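Visitor: Pasting in a structure now, in structure tokens, and then I'll have a few things to ask.
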Amino acid sequence: MIDWWNSLSVAAQVFACIAVPASLVLLIQTVLMLIGIGSEGGDGDGGAFSQMFSFGEAEGDTEMPDEIPDGDVDPAGLDALRIFTVRGIIAFLVVFGWVGFVMTEAGVKLFISIPVAFVCGFAMMLLLAFLMNAVMKLRNEGNLDNRNALGVAGKVYLTIPAKRQGEGKVNIMLQGSYVERDAVTDADEDIPTGSEVVVTGISGQTTLVVMKK
């Protein structure tokens with residue numbers, strides 16, 4: 001084993017030092033996820049790339065009382081596709097390390113191996129993000145009632161235009177799961193990404209009405 005290790009080039013050893021520990025961590029993560037421990041919290045609809053605009057005031061608003069109960073939901077780090085999660089980064093290191101190792105051992109020049117390994121690792125991050133996205137969507141489909149979001153605090157991840165001039169998106173805790181929902185506001189100013197908000201009503205069937213917390 002030592003002789004085999006010493007026979008490797010320095011580049012191959014570096015790639016192996018990245019790939020092997022990352023593979024072990026990914027294996028442990030996968031086992032924990034399968035038994036329901038340590039799974040990454042996520043919403044049902046990550047990965048929206050654009051905002052859908054609806055002009056004018058929607059009908060059928062369900063309003064909240066003037067007094068809004070306190071809520072403290074912090075879905076920090078829930079980005080569009082949640083690419084840069086711990087699991088995503090580990091998957092990147094696994095693929096980056098093994099691809100680089102194999103290419104280096106095959107005699108491919110380092111200036112080619114590194115970019116190819118990087119691209120393959122990033123592609124795996126994207127694939128994992130889409131897969132987790134699909135799983136979360138399936139998990140959160142069902143009997144979720146948006147009325148249960150009234151009074152709940154959340155965080156904006158796509159800017160919400162002022163005075164209902166368009167829809168943004170928020171992440172909130174709904175019936176025990178982080179979910180993404182379209183949102184509008186009656187505020188005079190846009191509510192930017194990252195702002196904490198409170199749900200004050202429901203516009204139409206699924207769009208939430210929020211105010212800055």
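Every chain in the structure tokens has a letter given in the order shown (A, B, ...), and although residue numbers restart at 1 in each chain, ligands are simply numbered from 1 in the order shown.
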Would you list the contacts of range 106-114 of chain A as a PDB file with N, CA and C atoms, in the first residue's frame, taking every protein, DNA or RNA residue within 12 Å and counting only C-alpha atoms, but skipping same-chain residues closer than 5 positions in sequence?
Guide:
```pdb
ATOM      1  N   LEU A   8       2.707   7.073  -6.747  1.00  0.00           N
ATOM      2  CA  LEU A   8       1.830   8.080  -7.347  1.00  0.00           C
ATOM      3  C   LEU A   8       2.556   9.404  -7.488  1.00  0.00           C
ATOM      4  N   SER A   9       2.149  10.172  -8.471  1.00  0.00           N
ATOM      5  CA  SER A   9       2.681  11.519  -8.617  1.00  0.00           C
ATOM      6  C   SER A   9       2.118  12.400  -7.507  1.00  0.00           C
ATOM      7  N   VAL A  10       2.759  13.526  -7.291  1.00  0.00           N
ATOM      8  CA  VAL A  10       2.293  14.454  -6.259  1.00  0.00           C
ATOM      9  C   VAL A  10       0.863  14.909  -6.554  1.00  0.00           C
ATOM     10  N   ALA A  11       0.582  15.185  -7.829  1.00  0.00           N
ATOM     11  CA  ALA A  11      -0.761  15.632  -8.212  1.00  0.00           C
ATOM     12  C   ALA A  11      -1.801  14.553  -7.901  1.00  0.00           C
ATOM     13  N   ALA A  12      -1.462  13.297  -8.227  1.00  0.00           N
ATOM     14  CA  ALA A  12      -2.389  12.201  -7.958  1.00  0.00           C
ATOM     15  C   ALA A  12      -2.616  12.038  -6.464  1.00  0.00           C
ATOM     16  N   VAL A  14      -2.485  14.421  -4.222  1.00  0.00           N
ATOM     17  CA  VAL A  14      -3.345  15.529  -3.794  1.00  0.00           C
ATOM     18  C   VAL A  14      -4.805  15.238  -4.137  1.00  0.00           C
ATOM     19  N   PHE A  15      -5.041  14.780  -5.365  1.00  0.00           N
ATOM     20  CA  PHE A  15      -6.413  14.440  -5.765  1.00  0.00           C
ATOM     21  C   PHE A  15      -6.982  13.330  -4.876  1.00  0.00           C
ATOM     22  N   VAL A  95     -16.272  14.157  -6.775  1.00  0.00           N
ATOM     23  CA  VAL A  95     -16.121  14.039  -8.229  1.00  0.00           C
ATOM     24  C   VAL A  95     -14.836  14.719  -8.697  1.00  0.00           C
ATOM     25  N   PHE A  96     -14.574  15.914  -8.175  1.00  0.00           N
ATOM     26  CA  PHE A  96     -13.350  16.632  -8.529  1.00  0.00           C
ATOM     27  C   PHE A  96     -12.117  15.779  -8.218  1.00  0.00           C
ATOM     28  N   GLY A  97     -12.100  15.184  -7.025  1.00  0.00           N
ATOM     29  CA  GLY A  97     -10.940  14.399  -6.620  1.00  0.00           C
ATOM     30  C   GLY A  97     -10.736  13.155  -7.464  1.00  0.00           C
ATOM     31  N   TRP A  98     -11.812  12.384  -7.673  1.00  0.00           N
ATOM     32  CA  TRP A  98     -11.656  11.131  -8.418  1.00  0.00           C
ATOM     33  C   TRP A  98     -11.393  11.362  -9.900  1.00  0.00           C
ATOM     34  N   VAL A  99     -12.075  12.346 -10.489  1.00  0.00           N
ATOM     35  CA  VAL A  99     -11.824  12.639 -11.909  1.00  0.00           C
ATOM     36  C   VAL A  99     -10.380  13.104 -12.097  1.00  0.00           C
ATOM     37  N   GLY A 100      -9.944  13.988 -11.218  1.00  0.00           N
ATOM     38  CA  GLY A 100      -8.564  14.456 -11.306  1.00  0.00           C
ATOM     39  C   GLY A 100      -7.564  13.339 -11.111  1.00  0.00           C
ATOM     40  N   PHE A 101      -7.853  12.453 -10.155  1.00  0.00           N
ATOM     41  CA  PHE A 101      -6.960  11.325  -9.884  1.00  0.00           C
ATOM     42  C   PHE A 101      -6.850  10.404 -11.098  1.00  0.00           C
ATOM     43  N   VAL A 119     -15.043  21.149 -13.724  1.00  0.00           N
ATOM     44  CA  VAL A 119     -16.322  21.173 -14.446  1.00  0.00           C
ATOM     45  C   VAL A 119     -17.189  19.974 -14.058  1.00  0.00           C
ATOM     46  N   CYS A 120     -16.580  18.801 -13.967  1.00  0.00           N
ATOM     47  CA  CYS A 120     -17.333  17.598 -13.580  1.00  0.00           C
ATOM     48  C   CYS A 120     -17.869  17.722 -12.162  1.00  0.00           C
ATOM     49  N   GLY A 121     -17.050  18.273 -11.265  1.00  0.00           N
ATOM     50  CA  GLY A 121     -17.499  18.465  -9.883  1.00  0.00           C
ATOM     51  C   GLY A 121     -18.651  19.436  -9.792  1.00  0.00           C
TER      52      GLY A 121
END
```
Visitor: If you count only C-alpha atoms, which residues fall within 10 Å of range 84-93 of chain A, apart from same-chain ones fewer than 3 positions away, as a PyMOL selection string?
Guide: chain A and resi 15+18-26+29-30+39-40+77-79+81+96-99+117-129+132
Visitor: Would you output that residue set with C-alpha atoms, as a tab-separated table (two decimals), in the first residue's frame?
Guide:
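again30.tsv written:
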```tsv
chain	number	residue	atom	x	y	z
A	15	PHE	CA	-6.41	14.44	-5.76
A	18	ILE	CA	-9.38	15.21	-1.65
A	19	ALA	CA	-11.40	12.31	-3.03
A	20	VAL	CA	-11.06	9.68	-0.30
A	21	PRO	CA	-12.10	11.74	2.77
A	22	ALA	CA	-14.88	13.42	0.78
A	23	SER	CA	-16.16	10.02	-0.34
A	24	LEU	CA	-16.26	8.79	3.26
A	25	VAL	CA	-18.12	11.90	4.40
A	26	LEU	CA	-20.61	11.58	1.52
A	29	GLN	CA	-24.18	11.66	4.96
A	30	THR	CA	-26.10	9.31	2.69
A	39	SER	CA	-31.01	15.64	6.29
A	40	GLU	CA	-30.78	19.18	4.98
A	77	GLY	CA	-28.92	29.69	3.13
A	78	LEU	CA	-31.90	28.62	1.07
A	79	ASP	CA	-30.81	29.87	-2.30
A	81	LEU	CA	-31.28	25.84	-6.14
A	96	PHE	CA	-13.35	16.63	-8.53
A	97	GLY	CA	-10.94	14.40	-6.62
A	98	TRP	CA	-11.66	11.13	-8.42
A	99	VAL	CA	-11.82	12.64	-11.91
A	117	ALA	CA	-12.25	17.82	-12.83
A	118	PHE	CA	-13.64	21.19	-11.74
A	119	VAL	CA	-16.32	21.17	-14.45
A	120	CYS	CA	-17.33	17.60	-13.58
A	121	GLY	CA	-17.50	18.47	-9.88
A	122	PHE	CA	-19.64	21.52	-10.51
A	123	ALA	CA	-21.91	19.51	-12.82
A	124	MET	CA	-22.43	17.06	-9.96
A	125	MET	CA	-23.34	19.93	-7.65
A	126	LEU	CA	-25.96	21.09	-10.12
A	127	LEU	CA	-27.32	17.58	-10.60
A	128	LEU	CA	-27.57	17.06	-6.85
A	129	ALA	CA	-29.29	20.41	-6.43
A	132	MET	CA	-32.84	17.49	-3.97
```
Visitor: Can you pull out the residues contacting range 157-162 of chain A? Cut-off 7 Å, using only C-alpha atoms, and skip same-chain residues under 3 positions away; I want them as a PyMOL selection string.
Guide: chain A and resi 79+165-170+183-194
Visitor: Can you list every residue in range 91-164 of chain A that DSSP puts in alpha helix (DSSP H), as JSON, numbers by chain?
Guide: {"A": [91, 92, 93, 94, 95, 96, 97, 98, 99, 100, 101, 102, 103, 104, 105, 110, 111, 112, 113, 114, 115, 116, 117, 118, 119, 120, 121, 122, 123, 124, 125, 126, 127, 128, 129, 130, 131, 132, 133, 134, 135, 136, 137, 138, 139, 140]}
Visitor: Select, from A:Leu27, A:Thr200, A:Ile83, A:Leu208, the residue with the minimum atom-to-atom distance to Asn171 in chain A, counting only C-alpha atoms.
Guide: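 Answer, going by the shortest atom-to-atom distance: A:Leu208.
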Visitor: Which residues come within 9 Å of Val197 in chain A, counting only C-alpha atoms, excluding same-chain residues fewer than 2 positions away, as a PyMOL selection string?
Guide: chain A and resi 152-156+170+191+195+199+210-213
Visitor: Can you measure CA of Ile172 in chain A to CA of Leu150 in chain A for me? One decimal in Å is fine.
Guide: 10.5 Å
